file start22.tsv (TSV, C-alpha atoms)
chain	number	residue	atom	x	y	z
A	1	MET	CA	87.39	74.69	86.09
A	2	ASP	CA	84.07	74.53	87.97
A	3	ALA	CA	82.11	77.52	89.20
A	4	LEU	CA	83.42	77.32	92.79
A	5	THR	CA	87.03	77.08	91.63
A	6	LEU	CA	86.57	80.03	89.28
A	7	ALA	CA	84.84	82.09	91.93
A	8	GLN	CA	87.84	82.15	94.27
A	9	PRO	CA	90.32	84.03	92.04
A	10	VAL	CA	87.50	86.32	90.88
A	11	LEU	CA	86.74	87.19	94.51
A	12	VAL	CA	90.42	87.73	95.22
A	13	LEU	CA	90.70	90.03	92.21
A	14	GLY	CA	87.60	91.85	93.40
A	15	ALA	CA	89.27	92.41	96.77
A	16	ILE	CA	92.57	93.60	95.28
A	17	VAL	CA	91.10	96.48	93.27
A	18	PRO	CA	89.43	98.40	96.14
A	19	THR	CA	92.34	97.58	98.44
A	20	ALA	CA	94.83	99.15	96.03
A	21	LEU	CA	92.60	102.20	95.57
A	22	LEU	CA	92.30	102.54	99.34
A	23	GLY	CA	96.07	102.40	99.71
A	24	ARG	CA	96.54	105.08	97.07
A	25	TRP	CA	93.90	107.31	98.67
A	26	ALA	CA	95.46	106.95	102.11
A	27	ALA	CA	98.92	107.77	100.74
A	28	ARG	CA	97.62	110.91	99.02
A	29	ARG	CA	95.92	112.03	102.21
A	30	LEU	CA	99.23	111.67	104.01
A	31	GLY	CA	101.14	113.53	101.29
A	32	GLN	CA	103.02	110.36	100.32
A	33	PRO	CA	103.74	108.59	97.02
A	34	GLU	CA	100.77	106.43	96.07
A	35	VAL	CA	103.02	103.40	95.68
A	36	VAL	CA	103.85	103.44	99.40
A	37	GLY	CA	100.22	102.96	100.43
A	38	GLU	CA	99.43	100.58	97.58
A	39	ILE	CA	102.28	98.17	98.26
A	40	SER	CA	101.69	98.21	102.00
A	41	VAL	CA	97.99	97.36	101.89
A	42	CYS	CA	98.36	94.78	99.08
A	43	LEU	CA	101.07	92.92	100.97
A	44	LEU	CA	98.85	92.93	104.05
A	45	LEU	CA	95.92	91.71	101.95
A	46	GLY	CA	98.02	88.77	100.76
A	47	VAL	CA	98.89	87.82	104.31
A	48	LEU	CA	95.23	88.18	105.33
A	49	LEU	CA	94.07	85.94	102.48
A	50	VAL	CA	96.30	83.15	103.76
A	51	THR	CA	95.82	83.53	107.49
A	52	ARG	CA	92.08	84.30	107.54
A	53	PHE	CA	90.65	82.73	104.40
A	54	GLY	CA	93.07	79.93	103.60
A	55	TRP	CA	93.72	81.12	100.04
A	56	GLY	CA	97.24	81.67	98.74
A	57	GLY	CA	98.96	78.32	99.17
A	58	ALA	CA	100.73	76.50	96.35
A	59	HIS	CA	97.56	74.77	95.15
A	60	SER	CA	95.06	77.58	95.65
A	61	PRO	CA	92.66	77.85	92.68
A	62	GLY	CA	93.63	80.57	90.25
A	63	LYS	CA	96.79	81.67	92.09
A	64	ASP	CA	99.09	80.74	89.22
A	65	VAL	CA	96.93	82.68	86.75
A	66	LEU	CA	96.89	85.79	88.94
A	67	ALA	CA	100.64	85.49	89.48
A	68	GLU	CA	101.25	85.32	85.73
A	69	LEU	CA	99.06	88.39	85.21
A	70	GLY	CA	101.06	90.19	87.87
A	71	HIS	CA	104.36	89.33	86.22
A	72	LEU	CA	102.95	90.41	82.85
A	73	GLY	CA	101.99	93.72	84.45
A	74	LEU	CA	105.53	94.06	85.78
A	75	ALA	CA	106.98	93.49	82.31
A	76	LEU	CA	104.65	96.05	80.71
A	77	PHE	CA	105.39	98.56	83.46
A	78	LEU	CA	109.11	98.16	82.81
A	79	VAL	CA	108.67	98.98	79.12
A	80	GLY	CA	107.31	102.38	80.14
A	81	ALA	CA	109.77	102.87	82.99
A	82	ALA	CA	112.83	101.99	80.89
A	83	HIS	CA	111.68	104.27	78.07
A	84	GLU	CA	111.19	107.03	80.63
A	85	ILE	CA	114.84	106.57	81.54
A	86	ARG	CA	115.77	107.30	77.91
A	87	GLY	CA	113.56	110.33	77.66
A	88	GLY	CA	114.18	111.53	81.20
A	89	ALA	CA	117.94	111.77	81.05
A	90	SER	CA	118.70	115.46	80.91
A	91	ARG	CA	121.37	116.90	78.68
A	92	LEU	CA	123.49	117.99	81.63
A	93	SER	CA	127.06	116.80	81.48
A	94	GLY	CA	130.33	117.20	83.20
A	95	ARG	CA	131.52	117.55	86.73
A	96	ALA	CA	128.21	117.97	88.55
A	97	VAL	CA	126.57	114.84	87.08
A	98	ALA	CA	129.72	112.75	87.47
A	99	TRP	CA	130.31	113.63	91.12
A	100	LEU	CA	126.67	113.28	92.14
A	101	THR	CA	126.48	109.89	90.41
A	102	VAL	CA	129.67	108.65	92.04
A	103	GLY	CA	128.66	109.82	95.50
A	104	SER	CA	125.08	108.54	95.19
A	105	ALA	CA	126.23	105.12	93.97
A	106	LEU	CA	129.51	104.19	95.64
A	107	LEU	CA	128.69	104.96	99.28
A	108	PRO	CA	125.29	103.18	99.11
A	109	MET	CA	127.03	100.21	97.46
A	110	ALA	CA	129.49	100.12	100.35
A	111	ALA	CA	126.52	100.25	102.74
A	112	GLY	CA	124.98	97.32	100.87
A	113	ALA	CA	128.21	95.38	101.27
A	114	LEU	CA	128.11	96.07	105.04
A	115	LEU	CA	124.53	94.80	105.18
A	116	ALA	CA	125.63	91.67	103.31
A	117	VAL	CA	128.41	91.06	105.84
A	118	TRP	CA	125.90	91.30	108.70
A	119	VAL	CA	123.42	88.97	106.99
A	120	LEU	CA	126.09	86.38	106.24
A	121	ARG	CA	127.64	86.51	109.70
A	122	TYR	CA	124.75	87.19	112.03
A	123	GLY	CA	121.53	86.78	110.06
A	124	GLY	CA	121.15	83.06	110.63
A	125	PRO	CA	120.25	80.42	108.05
A	126	ARG	CA	116.54	81.34	107.84
A	127	LEU	CA	117.32	84.96	106.98
A	128	ARG	CA	120.40	84.25	104.89
A	129	GLY	CA	118.92	81.35	102.92
A	130	GLY	CA	120.81	79.08	100.58
A	131	ALA	CA	121.67	81.48	97.76
A	132	ASP	CA	125.17	81.64	96.38
A	133	THR	CA	127.18	84.13	98.46
A	134	PRO	CA	128.42	86.35	95.57
A	135	ALA	CA	124.87	86.55	94.19
A	136	LEU	CA	123.45	87.61	97.56
A	137	VAL	CA	126.20	90.16	98.21
A	138	LEU	CA	125.81	91.70	94.76
A	139	LEU	CA	122.02	91.88	95.08
A	140	LEU	CA	122.24	93.68	98.43
A	141	ILE	CA	124.78	96.11	96.95
A	142	VAL	CA	122.39	96.84	94.09
A	143	SER	CA	119.39	97.14	96.43
A	144	LEU	CA	120.90	99.98	98.43
A	145	ALA	CA	122.26	101.82	95.37
A	146	VAL	CA	118.97	102.19	93.45
A	147	THR	CA	117.26	105.53	92.86
A	148	ALA	CA	113.79	105.10	91.33
A	149	VAL	CA	113.56	107.09	88.10
A	150	PRO	CA	109.73	106.77	87.69
A	151	VAL	CA	108.94	107.91	91.24
A	152	LEU	CA	111.64	110.60	91.11
A	153	ALA	CA	110.03	111.94	87.93
A	154	GLY	CA	106.68	112.08	89.74
A	155	ILE	CA	108.18	113.96	92.68
A	156	LEU	CA	109.87	116.48	90.39
A	157	LYS	CA	106.66	117.01	88.44
A	158	ASP	CA	104.49	117.46	91.52
A	159	ARG	CA	106.94	119.94	93.01
A	160	ARG	CA	107.41	121.72	89.65
A	161	MET	CA	111.13	120.91	89.69
A	162	GLN	CA	111.39	118.90	86.46
A	163	HIS	CA	112.84	121.81	84.48
A	164	THR	CA	115.06	123.23	87.23
A	165	GLU	CA	118.79	122.59	87.30
A	166	THR	CA	118.43	120.61	90.52
A	167	GLY	CA	115.69	118.44	89.06
A	168	ARG	CA	117.52	117.77	85.81
A	169	LEU	CA	120.72	116.98	87.70
A	170	ALA	CA	118.94	114.49	89.96
A	171	MET	CA	117.28	112.82	86.98
A	172	ALA	CA	120.52	112.55	85.00
A	173	SER	CA	122.31	110.95	87.95
A	174	ALA	CA	119.42	108.57	88.70
A	175	VAL	CA	119.29	107.44	85.06
A	176	THR	CA	123.02	106.66	85.10
A	177	ILE	CA	122.83	104.77	88.38
A	178	ASP	CA	119.83	102.69	87.34
A	179	ALA	CA	121.48	101.76	84.04
A	180	VAL	CA	124.45	100.37	85.99
A	181	THR	CA	122.29	98.61	88.58
A	182	TRP	CA	120.30	96.78	85.88
A	183	VAL	CA	123.54	95.25	84.60
A	184	LEU	CA	124.64	94.31	88.13
A	185	LEU	CA	121.23	92.80	88.83
A	186	ALA	CA	121.55	90.64	85.71
A	187	LEU	CA	124.95	89.49	86.94
A	188	SER	CA	123.53	88.66	90.38
A	189	VAL	CA	120.79	86.51	88.87
A	190	ALA	CA	123.35	84.82	86.62
A	191	LEU	CA	125.58	84.02	89.60
A	192	ALA	CA	122.60	82.49	91.39
A	193	THR	CA	121.84	80.14	88.50
A	194	GLY	CA	125.37	78.70	88.27
A	195	ASP	CA	126.34	76.29	85.48
A	196	GLY	CA	127.76	78.94	83.19
A	197	GLY	CA	125.14	81.49	84.15
A	198	VAL	CA	127.60	84.41	84.09
A	199	GLY	CA	128.78	83.63	80.58
A	200	ARG	CA	125.22	83.15	79.41
A	201	ALA	CA	124.20	86.43	81.06
A	202	GLY	CA	127.01	88.23	79.28
A	203	ALA	CA	125.95	86.77	75.96
A	204	VAL	CA	122.29	87.64	76.56
A	205	LEU	CA	123.13	91.21	77.60
A	206	ALA	CA	125.44	91.69	74.63
A	207	GLY	CA	122.86	90.25	72.24
A	208	GLY	CA	120.12	92.30	73.86
A	209	ALA	CA	122.16	95.49	73.56
A	210	LEU	CA	122.82	94.82	69.88
A	211	GLY	CA	119.15	94.03	69.33
A	212	ALA	CA	118.09	97.21	71.12
A	213	TYR	CA	120.50	99.25	69.00
A	214	ALA	CA	119.16	97.66	65.82
A	215	VAL	CA	115.55	98.38	66.83
A	216	ARG	CA	116.43	101.97	67.66
A	217	ARG	CA	118.14	102.53	64.30
A	218	LEU	CA	115.26	100.91	62.44
A	219	ALA	CA	112.68	103.00	64.28
A	220	ALA	CA	114.67	106.16	63.58
A	221	ALA	CA	114.53	105.63	59.81
A	222	ALA	CA	112.38	108.21	58.03
A	223	PRO	CA	109.97	105.71	56.37
A	224	VAL	CA	109.39	103.95	59.69
A	225	ARG	CA	108.75	107.24	61.50
A	226	THR	CA	106.25	108.27	58.85
A	227	ALA	CA	104.42	104.93	58.99
A	228	ALA	CA	104.43	104.94	62.79
A	229	ALA	CA	102.93	108.43	62.93
A	230	ALA	CA	100.17	107.33	60.55
A	231	HIS	CA	99.36	104.08	62.40
A	232	PRO	CA	99.86	104.57	66.17
A	233	THR	CA	97.59	101.63	67.06
A	234	ALA	CA	99.73	99.28	64.98
A	235	VAL	CA	102.81	100.63	66.76
A	236	LEU	CA	101.22	99.87	70.13
A	237	VAL	CA	100.40	96.29	69.11
A	238	LEU	CA	103.86	95.67	67.64
A	239	VAL	CA	105.65	97.11	70.67
A	240	ALA	CA	103.52	95.01	73.03
A	241	ALA	CA	104.23	91.85	71.02
A	242	ALA	CA	107.95	92.61	70.84
A	243	ALA	CA	108.11	93.32	74.57
A	244	PHE	CA	106.33	90.05	75.35
A	245	GLY	CA	108.72	88.15	73.07
A	246	ALA	CA	111.81	89.79	74.56
A	247	ALA	CA	110.61	89.18	78.12
A	248	THR	CA	109.83	85.54	77.37
A	249	ALA	CA	113.21	85.00	75.70
A	250	THR	CA	115.27	86.44	78.56
A	251	GLY	CA	113.14	84.54	81.06
A	252	GLN	CA	113.87	81.25	79.32
A	253	LEU	CA	117.57	82.13	79.21
A	254	GLY	CA	117.68	82.49	82.99
A	255	LEU	CA	117.69	86.28	83.42
A	256	THR	CA	113.98	86.62	84.27
A	257	GLU	CA	111.43	88.46	82.17
A	258	VAL	CA	112.20	91.93	83.50
A	259	PHE	CA	115.40	92.28	81.49
A	260	GLY	CA	113.77	91.66	78.14
A	261	ALA	CA	111.02	94.15	78.92
A	262	ALA	CA	113.54	96.76	80.07
A	263	LEU	CA	115.64	96.25	76.94
A	264	MET	CA	112.56	96.79	74.81
A	265	GLY	CA	111.78	100.05	76.58
A	266	LEU	CA	115.35	101.24	76.09
A	267	ALA	CA	115.27	100.27	72.41
A	268	LEU	CA	112.33	102.52	71.56
A	269	PRO	CA	113.34	105.99	70.33
A	270	ALA	CA	112.61	108.99	72.52
A	271	ASP	CA	110.44	110.80	69.97
A	272	GLY	CA	108.82	113.42	72.20
A	273	GLU	CA	105.68	113.41	74.31
A	274	ARG	CA	103.39	113.09	71.28
A	275	GLY	CA	105.56	110.64	69.34
A	276	PRO	CA	104.02	107.22	68.55
A	277	PHE	CA	106.79	105.22	70.22
A	278	THR	CA	106.73	107.30	73.40
A	279	ARG	CA	102.93	107.09	73.51
A	280	ALA	CA	103.05	103.30	72.99
A	281	ALA	CA	105.59	102.87	75.78
A	282	GLY	CA	103.54	105.12	78.06
A	283	THR	CA	100.32	103.21	77.34
A	284	LEU	CA	101.98	99.87	78.08
A	285	GLY	CA	103.57	101.25	81.22
A	286	ARG	CA	100.24	102.52	82.52
A	287	ALA	CA	98.55	99.20	81.70
A	288	GLY	CA	101.27	97.34	83.57
A	289	ARG	CA	101.01	99.74	86.49
A	290	VAL	CA	97.32	98.82	86.87
A	291	ALA	CA	98.23	95.13	87.18
A	292	LEU	CA	101.04	95.56	89.73
A	293	PRO	CA	98.75	95.25	92.79
A	294	LEU	CA	98.23	91.63	91.71
A	295	LEU	CA	101.95	91.01	92.04
A	296	PHE	CA	102.13	92.75	95.42
A	297	THR	CA	99.21	90.70	96.78
A	298	ILE	CA	100.53	87.36	95.50
A	299	THR	CA	103.90	88.22	97.00
A	300	GLY	CA	102.13	88.86	100.31
A	301	THR	CA	100.66	85.35	100.22
A	302	SER	CA	104.14	83.93	99.58
A	303	LEU	CA	105.51	85.80	102.59
A	304	ALA	CA	102.80	84.25	104.76
A	305	VAL	CA	103.27	80.64	103.62
A	306	GLY	CA	106.98	80.51	102.79
A	307	PRO	CA	108.92	77.77	104.59
A	308	ASP	CA	111.66	80.27	105.53
A	309	ALA	CA	109.24	82.98	106.62
A	310	VAL	CA	110.80	85.07	109.38
A	311	PHE	CA	110.52	88.70	110.43
A	312	SER	CA	113.74	90.31	111.61
A	313	TRP	CA	113.61	93.72	113.25
A	314	PRO	CA	117.43	93.96	113.23
A	315	ALA	CA	117.43	93.41	109.43
A	316	VAL	CA	114.76	96.09	108.99
A	317	ALA	CA	116.55	98.61	111.21
A	318	LEU	CA	120.01	97.98	109.83
A	319	GLY	CA	118.91	97.83	106.20
A	320	THR	CA	116.85	101.02	106.46
A	321	GLY	CA	119.51	102.88	108.42
A	322	LEU	CA	122.32	101.96	106.03
A	323	ALA	CA	120.17	102.75	103.00
A	324	ILE	CA	119.26	106.22	104.26
A	325	ALA	CA	122.74	107.09	105.51
A	326	GLY	CA	124.45	105.85	102.36
A	327	LYS	CA	122.24	107.81	99.99
A	328	LEU	CA	121.99	111.03	102.01
A	329	ILE	CA	125.68	111.29	102.88
A	330	GLY	CA	126.96	110.02	99.54
A	331	SER	CA	124.66	112.23	97.47
A	332	TYR	CA	125.38	115.33	99.57
A	333	LEU	CA	129.15	114.82	99.38
A	334	GLY	CA	128.92	114.13	95.66
A	335	ALA	CA	126.87	117.27	95.08
A	336	ARG	CA	129.31	119.40	97.06
A	337	ALA	CA	132.27	117.89	95.18
A	338	GLY	CA	130.45	118.87	91.99
A	339	ALA	CA	130.39	122.53	93.10
A	340	ARG	CA	126.73	122.54	94.21
A	341	SER	CA	125.66	124.77	97.09
A	342	HIS	CA	124.88	123.51	100.58
A	343	ARG	CA	121.15	123.96	100.00
A	344	GLU	CA	121.19	122.23	96.63
A	345	GLY	CA	123.27	119.41	98.09
A	346	LEU	CA	120.63	118.80	100.75
A	347	ARG	CA	117.80	118.82	98.20
A	348	LEU	CA	119.65	116.46	95.86
A	349	ALA	CA	120.35	114.09	98.75
A	350	ALA	CA	116.64	114.01	99.61
A	351	LEU	CA	115.70	113.33	95.98
A	352	MET	CA	118.30	110.61	95.40
A	353	ASN	CA	117.06	108.71	98.48
A	354	THR	CA	113.86	107.84	96.58
A	355	ARG	CA	113.66	104.13	95.71
A	356	GLY	CA	110.02	103.34	94.97
A	357	LEU	CA	108.97	100.91	92.26
A	358	THR	CA	112.44	100.42	90.80
A	359	GLU	CA	113.56	99.05	94.13
A	360	ILE	CA	110.48	96.81	94.28
A	361	VAL	CA	111.34	95.40	90.83
A	362	VAL	CA	114.92	94.67	91.95
A	363	LEU	CA	113.74	92.97	95.14
A	364	GLN	CA	111.02	91.01	93.35
A	365	THR	CA	113.59	89.78	90.84
A	366	GLY	CA	115.92	88.67	93.62
A	367	TYR	CA	113.09	86.99	95.50
A	368	SER	CA	111.81	85.16	92.42
A	369	ALA	CA	115.35	84.00	91.61
A	370	GLY	CA	115.72	82.51	95.11
A	371	ILE	CA	118.47	84.94	96.15
A	372	LEU	CA	116.43	86.64	98.88
A	373	THR	CA	114.55	84.77	101.58
A	374	SER	CA	111.07	85.98	102.42
A	375	GLY	CA	112.35	87.54	105.66
A	376	LEU	CA	115.11	89.51	103.95
A	377	TYR	CA	112.75	90.44	101.11
A	378	LEU	CA	110.23	91.85	103.60
A	379	ALA	CA	112.94	93.80	105.45
A	380	LEU	CA	114.09	95.41	102.21
A	381	ILE	CA	110.51	96.11	101.11
A	382	ILE	CA	110.04	98.08	104.33
A	383	MET	CA	113.30	99.89	103.61
A	384	ALA	CA	112.05	100.82	100.13
A	385	LEU	CA	108.77	102.15	101.47
A	386	VAL	CA	110.40	104.15	104.27
A	387	THR	CA	113.03	105.77	102.05
A	388	THR	CA	110.43	106.68	99.42
A	389	ALA	CA	108.09	108.11	102.05
A	390	LEU	CA	110.92	110.27	103.43
A	391	SER	CA	111.50	112.12	100.14
A	392	GLY	CA	108.83	114.79	100.70
A	393	PRO	CA	109.59	115.44	104.39
A	394	LEU	CA	113.34	115.61	103.72
A	395	LEU	CA	112.83	118.15	100.93
A	396	TRP	CA	110.63	120.17	103.27
A	397	VAL	CA	113.31	120.08	105.99
A	398	ALA	CA	116.02	121.06	103.49
A	399	ASP	CA	114.00	124.08	102.38
A	400	ARG	CA	113.17	125.10	105.95
A	401	ARG	CA	116.78	124.92	107.08
A	402	THR	CA	118.35	126.71	104.15
A	403	ARG	CA	116.05	129.63	103.35
A	404	PRO	CA	113.77	131.92	105.33
A	405	VAL	CA	110.04	131.24	105.06
A	406	PRO	CA	107.86	134.35	104.67
A	407	VAL	CA	105.03	134.78	107.15
A	408	GLY	CA	101.91	133.03	105.90
A	409	ALA	CA	103.80	131.09	103.21
A	410	GLU	CA	104.56	127.78	104.86
A	411	PRO	CA	105.90	125.16	102.42
A	412	THR	CA	103.34	122.68	101.19
A	413	LEU	CA	104.14	118.98	101.15
A	414	LEU	CA	102.94	117.65	97.81
A	415	PRO	CA	102.14	114.03	97.00
A	416	ALA	CA	105.06	112.41	95.23
A	417	GLU	CA	103.42	110.21	92.61
A	418	ARG	CA	100.29	110.15	90.54
call {"tool": "encode", "arguments": {"input": "start22.tsv", "output": "structure tokens"}}
result
Amino acid sequence: MDALTLAQPVLVLGAIVPTALLGRWAARRLGQPEVVGEISVCLLLGVLLVTRFGWGGAHSPGKDVLAELGHLGLALFLVGAAHEIRGGASRLSGRAVAWLTVGSALLPMAAGALLAVWVLRYGGPRLRGGADTPALVLLLIVSLAVTAVPVLAGILKDRRMQHTETGRLAMASAVTIDAVTWVLLALSVALATGDGGVGRAGAVLAGGALGAYAVRRLAAAAPVRTAAAAHPTAVLVLVAAAAFGAATATGQLGLTEVFGAALMGLALPADGERGPFTRAAGTLGRAGRVALPLLFTITGTSLAVGPDAVFSWPAVALGTGLAIAGKLIGSYLGARAGARSHREGLRLAALMNTRGLTEIVVLQTGYSAGILTSGLYLALIIMALVTTALSGPLLWVADRRTRPVPVGAEPTLLPAER
């Protein structure tokens, strides 16, 4: 690679870093989750690189390398996010969790099915694409059902709600829903591959679950815990290597790399904030989070040069409207059926509407697997950003409408993610 060829990806990387920081800063200033600003500006940067500077096509120097780094960052991020699901699930049980989970999952899934019907019937071939119909329908169902555990945890922390009953209830329900949606996402990708993909997906998931269980039991053994506590750096290296191996294996088996990384995160024991396995998962998750702007930017270039590139305002409006209505109504009704108060039902509905990075991972997986066209992917990205950005304002409205505000003590809208 000559100096000029090497200079282009270096310059692109140099542009991505300040752009991502600018997006985070702008989001904080607006009281929004950082991911909303970061994804928005990085996607725009990708489009700008193609339209103004001619970089980002299939044969652009260094694009493949940057794309691989972005996917590696996604895999590492999922190790931390999946492990956070294990540690974040509260010990609540019973009627309240069950009803909130049912309401916050089933009605959004029905809304996703309605969106799929519209796309198949009225979306047109450029928006609908050539994906297998069951795979597309299932992916849209999953897309509208997601609640982002990592971003939800950030919102609860920033609003000092992580130890409240409402916060723990929201987290427990979100963990349950995301566990189900990961399985459905794997099935959607398997349906898209055809040629026995469903059977292979079942075998991979079963084998992965057994492997995760074996890793968890091994890590829980007293000698392993003692050795891990004495050598945390070795634990970090081993976990990173195992995550890379698991991601590579599931990618080669047709389920994309994200499933192997998620399984690795779920396999690690939840050994407390200072435990070596939790610290290793957190370190890998933070390292992956740093690399995610690469993936967002490269995706932006793909949106600009894709042969099926199309922007559909009806898809944006319908997808966003159905996503918001499904989550808010379903979560509120589920909370009320679980004997929660009117005020708590409104707050839980606002929290469960958060989609954030988990939604982005789902959409990126569907886009990479060829299930989503670039137009439908962009419409759902906008939906994810809008629903995440609404979390703070909706909580503020719920508090204003359900309790008196003392003079001089106006509620403060806090940023939702650090």
call {"tool": "residues_around", "arguments": {"input": "start22.tsv", "residues": "segment 228-241 of chain A", "least_positions_apart": "3", "cutoff": "12 Å", "atoms": "all atoms listed in the file", "output": "MDAnalysis selection string"}}
result
chainID A and resid 72:73 75:80 83 215 218:225 244:248 260:261 263:269 271 274:285 287:288
call {"tool": "closest_atom_pairs", "arguments": {"input": "start22.tsv", "of": "segment 115-203 of chain A", "to": "segment 390-396 of chain A", "cutoff": "10 Å", "atoms": "only C-alpha atoms", "output": "CSV"}}
result
residue,atom,partner,partner_atom,distance
A:Leu152,CA,A:Ser391,CA,9.2
A:Ile155,CA,A:Gly392,CA,8.1
A:Arg159,CA,A:Gly392,CA,9.4
call {"tool": "closest_residue", "arguments": {"input": "start22.tsv", "among": "A:Thr387, A:Ala323, A:Ala339, A:Val258", "to": "Pro108 of chain A", "atoms": "all atoms listed in the file"}}
result
A:Ala323
call {"tool": "residues_around", "arguments": {"input": "start22.tsv", "residues": "segment 51-58 of chain A", "least_positions_apart": "4", "cutoff": "12 Å", "atoms": "only C-alpha atoms", "output": "count of residues only"}}
result
25
call {"tool": "atom_distance", "arguments": {"input": "start22.tsv", "atom1": "atom CA of Ala384 of chain A", "atom2": "atom CA of Val146 of chain A"}}
result
9.7 Å
call {"tool": "atom_distance", "arguments": {"input": "start22.tsv", "atom1": "atom CA of Trp182 of chain A", "atom2": "atom CA of Ala209 of chain A"}}
result
12.5 Å
call {"tool": "closest_residue", "arguments": {"input": "start22.tsv", "among": "A:Leu292, A:Ala206, A:Ala315, A:Ile324", "to": "Ser104 of chain A", "atoms": "only C-alpha atoms"}}
result
A:Ile324
call {"tool": "atom_distance", "arguments": {"input": "start22.tsv", "atom1": "atom CA of Ser331 of chain A", "atom2": "atom CA of Leu100 of chain A"}}
result
5.8 Å
call {"tool": "closest_residue", "arguments": {"input": "start22.tsv", "among": "A:Ala243, A:Leu185, A:Leu69, A:Ala105", "to": "Ala369 of chain A", "atoms": "all atoms listed in the file"}}
result
A:Leu185
call {"tool": "residues_near_point", "arguments": {"input": "start22.tsv", "point": "(133.3, 115.2, 91.3)", "cutoff": "10 Å", "atoms": "all atoms listed in the file", "output": "PyMOL selection string"}}
result
chain A and resi 94-103+333-339
call {"tool": "residues_near_point", "arguments": {"input": "start22.tsv", "point": "(126.6, 90.8, 85.1)", "cutoff": "9 Å", "atoms": "only C-alpha atoms", "output": "list of chain:residue names"}}
result
A:Trp182, A:Val183, A:Leu184, A:Leu185, A:Ala186, A:Leu187, A:Ser188, A:Val189, A:Ala190, A:Leu191, A:Val198, A:Gly199, A:Ala201, A:Gly202, A:Leu205
call {"tool": "residues_around", "arguments": {"input": "start22.tsv", "residues": "Thr388 of chain A", "least_positions_apart": "2", "cutoff": "6 Å", "atoms": "all atoms listed in the file", "output": "count of residues only"}}
result
7
call {"tool": "closest_residue", "arguments": {"input": "start22.tsv", "among": "A:Val151, A:Met171, A:Ile360, A:Leu380", "to": "Ile39 of chain A", "atoms": "only C-alpha atoms"}}
result
A:Ile360
call {"tool": "residues_around", "arguments": {"input": "start22.tsv", "residues": "Leu376 of chain A", "least_positions_apart": "3", "cutoff": "9 Å", "atoms": "all atoms listed in the file", "output": "PyMOL selection string"}}
result
chain A and resi 119+127-128+310-312+315-316+372-373+379-381
call {"tool": "write_last_selection", "arguments": {"input": "start22.tsv", "atoms": "C-alpha atoms", "output": "compact mmCIF listing (two decimals), in the coordinates of the input"}}
result
# COMPACT_ATOMS: atom_id res chain seq x y z
CA VAL A 119 123.42 88.97 106.99
CA LEU A 127 117.32 84.96 106.98
CA ARG A 128 120.40 84.25 104.89
CA VAL A 310 110.80 85.07 109.38
CA PHE A 311 110.52 88.70 110.43
CA SER A 312 113.74 90.31 111.61
CA ALA A 315 117.43 93.41 109.43
CA VAL A 316 114.76 96.09 108.99
CA LEU A 372 116.43 86.64 98.88
CA THR A 373 114.55 84.77 101.58
CA ALA A 379 112.94 93.80 105.45
CA LEU A 380 114.09 95.41 102.21
CA ILE A 381 110.51 96.11 101.11
call {"tool": "closest_residue", "arguments": {"input": "start22.tsv", "among": "A:Ala81, A:Ala116, A:Leu22, A:Ala317", "to": "Pro150 of chain A", "atoms": "all atoms listed in the file"}}
result
A:Ala81
